[in-house]
Amino acid sequence: DTGVSQNPRHKITKRGQNVTFRCDPISEHNRLYWYRQTLGQGPEFLTYFQNEAQLEKSRLLSDRFSAERPKGSFSTLEIQRTEQGDSAMYLCASSLVGTSESREQYFGPGTRLTVT
Amino acid sequence: SQQGEEDPQALSIQEGENATMNCSYKTSINNLQWYRQNSGRGLVHLILIRSNEREKHSGRLRVTLDTSKKSSSLLITASRAADTASYFCATEARMDSSYKLIFGSGTRLLVRP
């Protein structure tokens with residue numbers, strides 16, 4: 001399967017713990033996006049990378065959140081000192097921006113985080 | 001924050017009927033996209049319509065865009081039970097080089113066999 005993959009699919013953690021999620025985009029895609037989705041709502045943008053550079057962060061991304069994309073390949077999203085309000089589905093998407101832009105984003109299955 | 005709203009929030013129809021979902025948004029856009037999400041899964045891209053287009057077709061899908069009213073509609077013809085899912089519109093804001101998507105709140109569609 002050459003789609004976007006995310007690990008883990010589910011994570012249950014206790015409040016105050018740190019968690020890290022991983023996203024593997026489609027290999028030739030140069031853009032990678034993180035979104036957060038709460039129950040009954042549409043996804044909300046968190047941050048994005050152009051290759052290895054993080055170019056924009058949403059105000060939703062507090063200082064407890066950090067994202068990286070070393071070498072412009074996979075990406076990690078870390079949440080420190082988790083709070084119950086962090087419980088959500090975290091979605092990763094990738095796209096190819098360049099000479100032939102389709103503007104379509106390809107989404108992974110998401111990581112569902114539950115903070116108890 | 002969400003870009004706009006979708007209407008209705010939930011829709012239940014019989015297999016074979018048509019389903020129409022509406023989306024309103026707030027800012028000027030480059031394009032508007034529709035995505036489908038099955039329960040507990042990621043989103044799948046359905047169709048993209050550019051700001052200078054008024055109507056687009058893809059199989060059983062028909063999308064319209066009215067930029068003067070900042071609204072779009074998605075029509076699914078001859079619905080099937082497999083069409084049961086949540087449908088989201090998403091906009092790419094004009095002059096935003098990030099191409100990030102701003103999603104609506106979604107319409108939950110149930111197609112009864």
# chains A, B, ... in the order shown; residues from 1 in each chain; ligands from 1

call {"tool": "select_by_dssp", "arguments": {"residues": "region 15-112 of chain B", "states": "strand (DSSP E)", "output": "PyMOL selection string"}}
result
chain B and resi 19-24+29-37+43-50+55-58+61-66+71-76+85-93+102-103+107-112

call {"tool": "interface_residues", "arguments": {"of": "chain B", "to": "chain A", "cutoff": "8 Å", "atoms": "only C-alpha atoms", "output": "JSON, numbers by chain"}}
result
{"B": [1, 2, 40, 41, 42, 43, 44, 45, 48, 88, 98, 99, 100, 101, 102, 103, 104, 105, 106]}

call {"tool": "write_last_selection", "arguments": {"atoms": "N, CA and C atoms", "output": "compact mmCIF listing (two decimals), in the first residue's frame"}}
result
# COMPACT_ATOMS: atom_id res chain seq x y z
N SER B 1 -10.55 27.45 13.40
CA SER B 1 -12.01 27.57 13.37
C SER B 1 -12.52 27.06 12.04
N GLN B 2 -13.78 26.61 12.01
CA GLN B 2 -14.36 26.09 10.81
C GLN B 2 -14.59 27.23 9.83
N GLY B 40 -14.80 6.38 11.50
CA GLY B 40 -13.53 6.05 12.11
C GLY B 40 -12.35 5.97 11.16
N ARG B 41 -12.51 6.47 9.95
CA ARG B 41 -11.43 6.37 8.98
C ARG B 41 -10.99 7.74 8.49
N GLY B 42 -9.95 7.77 7.69
CA GLY B 42 -9.47 9.01 7.10
C GLY B 42 -10.40 9.52 6.03
N LEU B 43 -10.07 10.68 5.49
CA LEU B 43 -10.89 11.30 4.48
C LEU B 43 -10.43 10.92 3.08
N VAL B 44 -11.39 10.77 2.19
CA VAL B 44 -11.12 10.45 0.80
C VAL B 44 -11.60 11.59 -0.08
N HIS B 45 -10.71 12.07 -0.95
CA HIS B 45 -11.05 13.17 -1.84
C HIS B 45 -12.05 12.71 -2.88
N LEU B 48 -12.91 18.30 -6.85
CA LEU B 48 -12.42 19.67 -6.64
C LEU B 48 -13.04 20.56 -7.70
N PHE B 88 -17.71 16.20 3.79
CA PHE B 88 -17.19 17.50 4.21
C PHE B 88 -16.80 18.33 2.99
N SER B 98 -0.07 28.19 1.61
CA SER B 98 0.03 26.92 2.32
C SER B 98 -0.85 25.85 1.68
N TYR B 99 -1.90 26.28 0.99
CA TYR B 99 -2.90 25.37 0.41
C TYR B 99 -3.60 24.54 1.50
N LYS B 100 -3.55 25.01 2.73
CA LYS B 100 -4.23 24.26 3.78
C LYS B 100 -5.72 24.28 3.53
N LEU B 101 -6.42 23.26 4.01
CA LEU B 101 -7.86 23.15 3.82
C LEU B 101 -8.59 23.59 5.08
N ILE B 102 -9.65 24.36 4.87
CA ILE B 102 -10.53 24.77 5.95
C ILE B 102 -11.85 24.01 5.73
N PHE B 103 -12.18 23.16 6.68
CA PHE B 103 -13.31 22.25 6.53
C PHE B 103 -14.58 22.82 7.13
N GLY B 104 -15.70 22.39 6.57
CA GLY B 104 -17.00 22.62 7.18
C GLY B 104 -17.25 21.57 8.24
N SER B 105 -18.43 21.64 8.83
CA SER B 105 -18.77 20.75 9.94
C SER B 105 -19.31 19.40 9.48
N GLY B 106 -19.60 19.26 8.21
CA GLY B 106 -19.97 17.97 7.67
C GLY B 106 -21.45 17.65 7.66

call {"tool": "residues_around", "arguments": {"residues": "Ile49 (chain B)", "least_positions_apart": "6", "cutoff": "7 Å", "atoms": "only C-alpha atoms", "output": "list in words"}}
result
Asn31, Leu32, Gln33 and Lys56 of chain B

call {"tool": "write_last_selection", "arguments": {"atoms": "N, CA and C atoms", "output": "PDB file, in the first residue's frame"}}
result
ATOM      1  N   ASN B  31     -10.173  27.250  -4.528  1.00  0.00           N
ATOM      2  CA  ASN B  31     -10.981  26.110  -4.925  1.00  0.00           C
ATOM      3  C   ASN B  31     -11.760  25.591  -3.729  1.00  0.00           C
ATOM      4  N   LEU B  32     -12.713  24.741  -4.024  1.00  0.00           N
ATOM      5  CA  LEU B  32     -13.507  24.078  -2.990  1.00  0.00           C
ATOM      6  C   LEU B  32     -13.469  22.589  -3.293  1.00  0.00           C
ATOM      7  N   GLN B  33     -13.279  21.797  -2.252  1.00  0.00           N
ATOM      8  CA  GLN B  33     -13.154  20.348  -2.429  1.00  0.00           C
ATOM      9  C   GLN B  33     -14.174  19.651  -1.532  1.00  0.00           C
ATOM     10  N   LYS B  56     -19.340  20.908 -11.884  1.00  0.00           N
ATOM     11  CA  LYS B  56     -18.418  19.840 -12.236  1.00  0.00           C
ATOM     12  C   LYS B  56     -19.077  18.501 -11.948  1.00  0.00           C
TER      13      LYS B  56
END

call {"tool": "select_by_dssp", "arguments": {"residues": "region 27-87 of chain A", "states": "helix (DSSP H, G or I)", "output": "list in words"}}
result
Pro70, Lys71, Gly72, Gln84, Gly85 and Asp86 of chain A

call {"tool": "write_last_selection", "arguments": {"atoms": "N, CA, C and O atoms", "output": "PDB file, in the first residue's frame"}}
result
ATOM      1  N   PRO A  70      12.003  15.373   9.859  1.00  0.00           N
ATOM      2  CA  PRO A  70      13.429  15.286   9.530  1.00  0.00           C
ATOM      3  C   PRO A  70      13.633  14.710   8.138  1.00  0.00           C
ATOM      4  O   PRO A  70      12.938  13.759   7.740  1.00  0.00           O
ATOM      5  N   LYS A  71      14.521  15.315   7.393  1.00  0.00           N
ATOM      6  CA  LYS A  71      14.884  14.845   6.056  1.00  0.00           C
ATOM      7  C   LYS A  71      13.711  14.881   5.082  1.00  0.00           C
ATOM      8  O   LYS A  71      13.763  14.257   4.014  1.00  0.00           O
ATOM      9  N   GLY A  72      12.650  15.553   5.457  1.00  0.00           N
ATOM     10  CA  GLY A  72      11.513  15.700   4.544  1.00  0.00           C
ATOM     11  C   GLY A  72      10.777  14.427   4.240  1.00  0.00           C
ATOM     12  O   GLY A  72      10.093  14.336   3.219  1.00  0.00           O
ATOM     13  N   GLN A  84      -7.046  16.554  28.968  1.00  0.00           N
ATOM     14  CA  GLN A  84      -8.228  15.870  28.442  1.00  0.00           C
ATOM     15  C   GLN A  84      -8.742  16.531  27.171  1.00  0.00           C
ATOM     16  O   GLN A  84      -9.270  15.871  26.285  1.00  0.00           O
ATOM     17  N   GLY A  85      -8.548  17.818  27.058  1.00  0.00           N
ATOM     18  CA  GLY A  85      -8.970  18.538  25.856  1.00  0.00           C
ATOM     19  C   GLY A  85      -8.181  18.177  24.606  1.00  0.00           C
ATOM     20  O   GLY A  85      -8.564  18.560  23.500  1.00  0.00           O
ATOM     21  N   ASP A  86      -7.091  17.437  24.787  1.00  0.00           N
ATOM     22  CA  ASP A  86      -6.307  16.997  23.624  1.00  0.00           C
ATOM     23  C   ASP A  86      -6.915  15.760  22.977  1.00  0.00           C
ATOM     24  O   ASP A  86      -6.487  15.359  21.888  1.00  0.00           O
TER      25      ASP A  86
END

call {"tool": "atom_distance", "arguments": {"atom1": "CA of Ser58 (chain B)", "atom2": "CA of Thr77 (chain B)"}}
result
10.9 Å

call {"tool": "closest_residue", "arguments": {"among": "B:Ser97, B:Ser39, B:Ser24, B:Thr91", "to": "Asp66 (chain B)", "atoms": "only C-alpha atoms"}}
result
B:Ser24

call {"tool": "atom_distance", "arguments": {"atom1": "CA of Leu11 (chain B)", "atom2": "CA of Ser73 (chain B)"}}
result
14.0 Å
